[in-house]
Amino acid sequence: MYQYNLGLYFLDTLKVNSEQLALVYENYSLSYSELGNYVDSLSSMLLESKCERGDVIAIANTKQPLSYALMLASLRLGITYVNIDIDSPVSRVNKILEVSKPLLFFYDDKDYINIANEIGKVSSQKTQLLDEKYLNKASLKELKEQKKRTKLVDGDTIAYIMFTSGSTGSPKGVAVTHQNVIHFIAWGRNFFKISSKDNFANVSPMYFDNSVFDFYVGLFSGASLTPIFQSILTDPYSIANYVEKLKCTIWFSVPSLLIYLDSMKAIVPEQLNNLRLIIFGGEGYPKTELIKLYDKLKEQVVFVNVYGPTECTCICSAHIITDNDFLDLDGIPMLGNLNQNFDYKILNSDGKISEKGELCLIGPNVSAGYYNEPELTNNTFETLFEKKYYMKRMYHTGDIVKKVDNLLYFVGRKDNQIKHMGYRIELEEIEYALVKLPEVSQAAVIYYRKKIAYGKIAAFVVCPVTTFETKILEQLRVLLPSYMIPQQVIIMDKLTTNANGKVDRKILKNLLIHNSSD
């Protein structure tokens, strides 16, 4: 049954799947009915705290049951939630709180009480521990009031705010509506053929965009969710065992994690008998690396390359990987076709329609904009007035793509395009050339300058076998013109990643600048 807000949508899910498992942990599980009881109690608590539709709450979410339930409770009442990385520096958390202005700040683990109190002091924010002992069973009167409030939530109400890194150095909060997510769930359920038999490995942290797929497509389809804690992810050899033990059927993560696990020989086919989908996105997966995992698991698992900015509700395209994708090993897999709910324009540097240029996404999955940042919103979102797209929203992604035979291919980022020695260069092109080399499994290329009039190209590479910078540069000269050859190659055991698992280019660049003698 179609519903106009996520609160009503989840109530329908509860009715159909009350006895199905919703959250699966190593030593215990919660049914949808039990999860629903938590949602009832937390909804009453929010009402007692004078939370109104349109208010914001912050959740330092470490994947405890009450945090998931609190997200659902806020959706029920039209309250906007923002998940917080409580391990982030307090200064960054404070910036997020300054922008989102939450009425309440919740944390779900008592071990974080000191950090929560510090955040509260810095931000003058009231903090509250999520604990069953503070919850009461919702009365019939309270449930009636909740139902009344739920019916008042319209589809344009902001469901959640997802913070991403900003080019100015301050995080920016993407405001995603109930209708954005409802469209996304409908597509995800259909494309991935989700059923109540599925169990999502919730790998990504809840403050990272990839978790939107796990939480919404999983729990709003009657499937179960298996939270995978950071402590498990730090031990590569326990991850596959854990996923198999808890009978996960769907895995979604950034490619960096899969590359790392495969390079450590931590992925064994016999340990993944229940897995039917490996979905990857958030960054490019070099085909030279992908084919290693694909050949190992293709008889039992379907691989899907997905693409989508946070500003467009997590995923905009999904391309199923086949043997044809490896007819050549250049670059990364194609994006393919966009989801049915998207239209797009490709604009060149002059703002004209082109076969290659910036991808601009159009349609009902384009978010409302950046929360409390009208100027920033106006810089990257626009309302169209031409007849074909009249009054539709368009988001300028900053991603450079090319269209070949009506299929889209990722080329690079506008902000990763440099001008070096008079040439325009996409840094991704150098990275793709590096991972073609037999010695290199991962690469990140940085452009930097320090006390010099010209910039330098530096490459960070991970090499499973012993090799030397001179050999890498020698092989690279066969693949790239001289002006694209890095001036420096740094060999590492592992590329530095941020909290979301993506390669942290900012840290790599700072490392270069700090150590540079120029």
# chains A, B, ... in the order shown; residues from 1 in each chain; ligands from 1
call {"tool": "select_by_dssp", "arguments": {"residues": "segment 302-473 of chain A", "states": "alpha helix (DSSP H)", "output": "list in words"}}
result
Pro374, Glu375, Leu376, Thr377, Asn378, Asn379, Thr380, Leu427, Glu428, Glu429, Ile430, Glu431, Tyr432, Ala433, Leu434, Val435, Lys436, Glu469, Thr470, Lys471, Ile472 and Leu473 of chain A
call {"tool": "select_by_dssp", "arguments": {"residues": "segment 248-481 of chain A", "states": "strand (DSSP E or B)", "output": "PyMOL selection string"}}
result
chain A and resi 250-253+277-280+302-307+317-320+336+338+343-347+353+356-362+369-370+381-383+393-404+407-413+417-420+423-426+442-448+456-462
call {"tool": "closest_residue", "arguments": {"among": "A:Met484, A:Ala368, A:Val461, A:Ala60", "to": "Val503 of chain A", "atoms": "only C-alpha atoms"}}
result
A:Val461
call {"tool": "residues_around", "arguments": {"residues": "segment 401-417 of chain A", "least_positions_apart": "5", "cutoff": "7 Å", "atoms": "only C-alpha atoms", "output": "ChimeraX atom specification"}}
result
/A:334-337,355-359,424-428
call {"tool": "write_last_selection", "arguments": {"atoms": "C-alpha atoms", "output": "mmCIF file, in the first residue's frame"}}
result
data_model
loop_
_atom_site.group_PDB
_atom_site.id
_atom_site.type_symbol
_atom_site.label_atom_id
_atom_site.label_comp_id
_atom_site.auth_asym_id
_atom_site.auth_seq_id
_atom_site.Cartn_x
_atom_site.Cartn_y
_atom_site.Cartn_z
ATOM 1 C CA MET A 334 30.412 2.016 -16.190
ATOM 2 C CA LEU A 335 27.579 3.737 -14.353
ATOM 3 C CA GLY A 336 25.188 2.392 -16.991
ATOM 4 C CA ASN A 337 21.683 3.830 -16.929
ATOM 5 C CA GLU A 355 28.375 14.120 -24.500
ATOM 6 C CA LYS A 356 31.021 14.778 -21.863
ATOM 7 C CA GLY A 357 30.834 17.133 -18.925
ATOM 8 C CA GLU A 358 29.304 17.647 -15.495
ATOM 9 C CA LEU A 359 26.415 15.334 -14.630
ATOM 10 C CA ARG A 424 44.215 19.966 -18.182
ATOM 11 C CA ILE A 425 44.551 16.650 -16.335
ATOM 12 C CA GLU A 426 42.054 14.410 -14.547
ATOM 13 C CA LEU A 427 43.884 12.931 -11.542
ATOM 14 C CA GLU A 428 41.699 9.815 -11.804
#
call {"tool": "residues_around", "arguments": {"residues": "Lys193 of chain A", "least_positions_apart": "5", "cutoff": "12 Å", "atoms": "only C-alpha atoms", "output": "number ranges by chain"}}
result
A: 185-188, 198, 217-218, 221, 223, 249-250, 276-277
call {"tool": "closest_residue", "arguments": {"among": "A:Met206, A:Cys360, A:Ala116, A:Ile182", "to": "Gly7 of chain A", "atoms": "only C-alpha atoms"}}
result
A:Ile182
call {"tool": "closest_residue", "arguments": {"among": "A:Gly155, A:Gly501, A:Gly222, A:Gly54", "to": "Leu14 of chain A", "atoms": "only C-alpha atoms"}}
result
A:Gly222
call {"tool": "closest_residue", "arguments": {"among": "A:Glu469, A:Asp12, A:Glu429, A:Glu26", "to": "Leu219 of chain A", "atoms": "only C-alpha atoms"}}
result
A:Asp12
call {"tool": "closest_residue", "arguments": {"among": "A:Lys287, A:Leu437, A:Tyr25, A:Thr496", "to": "Lys471 of chain A", "atoms": "only C-alpha atoms"}}
result
A:Leu437
call {"tool": "atom_distance", "arguments": {"atom1": "atom CA of Gly331 of chain A", "atom2": "atom CA of Ala433 of chain A"}}
result
7.8 Å
call {"tool": "closest_residue", "arguments": {"among": "A:Phe184, A:Phe208, A:Tyr134, A:Phe381", "to": "Cys316 of chain A", "atoms": "only C-alpha atoms"}}
result
A:Phe184
call {"tool": "atom_distance", "arguments": {"atom1": "atom CA of Glu145 of chain A", "atom2": "atom CA of Asn61 of chain A"}}
result
26.8 Å
call {"tool": "residues_around", "arguments": {"residues": "Leu30 of chain A", "least_positions_apart": "4", "cutoff": "10 Å", "atoms": "only C-alpha atoms", "output": "list in words"}}
result
Glu19, Gln20, Leu21, Ala22, Leu23, Val24, Tyr25, Glu34, Leu35, Gly36, Pro65, Ser224 and Leu225 of chain A
call {"tool": "write_last_selection", "arguments": {"atoms": "N, CA, C and O atoms", "output": "tab-separated table (two decimals), in the first residue's frame"}}
result
chain	number	residue	atom	x	y	z
A	19	GLU	N	6.26	-10.67	13.18
A	19	GLU	CA	7.03	-11.78	13.78
A	19	GLU	C	8.37	-12.02	13.08
A	19	GLU	O	9.16	-12.85	13.53
A	20	GLN	N	8.62	-11.31	11.99
A	20	GLN	CA	9.90	-11.44	11.29
A	20	GLN	C	10.99	-10.76	12.10
A	20	GLN	O	10.74	-9.82	12.86
A	21	LEU	N	12.25	-11.22	11.92
A	21	LEU	CA	13.38	-10.57	12.58
A	21	LEU	C	13.68	-9.23	11.91
A	21	LEU	O	13.73	-9.14	10.68
A	22	ALA	N	13.90	-8.22	12.72
A	22	ALA	CA	14.24	-6.89	12.21
A	22	ALA	C	15.72	-6.60	12.41
A	22	ALA	O	16.42	-6.21	11.47
A	23	LEU	N	16.24	-6.78	13.62
A	23	LEU	CA	17.64	-6.54	13.93
A	23	LEU	C	18.27	-7.83	14.43
A	23	LEU	O	17.74	-8.47	15.35
A	24	VAL	N	19.38	-8.21	13.83
A	24	VAL	CA	20.04	-9.47	14.17
A	24	VAL	C	21.45	-9.18	14.68
A	24	VAL	O	22.30	-8.69	13.94
A	25	TYR	N	21.67	-9.46	15.95
A	25	TYR	CA	23.00	-9.31	16.55
A	25	TYR	C	23.59	-10.69	16.81
A	25	TYR	O	22.92	-11.71	16.65
A	34	GLU	N	8.93	-6.31	18.41
A	34	GLU	CA	9.72	-5.78	19.53
A	34	GLU	C	10.32	-4.42	19.17
A	34	GLU	O	10.35	-3.51	20.01
A	35	LEU	N	10.80	-4.28	17.95
A	35	LEU	CA	11.32	-2.99	17.50
A	35	LEU	C	10.21	-1.94	17.52
A	35	LEU	O	10.42	-0.79	17.95
A	36	GLY	N	9.02	-2.34	17.09
A	36	GLY	CA	7.88	-1.43	17.09
A	36	GLY	C	7.52	-0.95	18.49
A	36	GLY	O	7.14	0.22	18.67
A	65	PRO	N	20.11	-1.08	19.30
A	65	PRO	CA	18.70	-1.16	18.92
A	65	PRO	C	17.91	0.13	19.15
A	65	PRO	O	17.08	0.52	18.32
A	224	SER	N	15.75	-8.15	7.35
A	224	SER	CA	16.44	-7.92	8.61
A	224	SER	C	17.75	-7.18	8.37
A	224	SER	O	18.27	-7.14	7.25
A	225	LEU	N	18.24	-6.60	9.45
A	225	LEU	CA	19.45	-5.80	9.40
A	225	LEU	C	20.42	-6.36	10.43
A	225	LEU	O	20.06	-6.55	11.59
call {"tool": "atom_distance", "arguments": {"atom1": "atom CA of Glu311 of chain A", "atom2": "atom CA of Leu103 of chain A"}}
result
23.9 Å
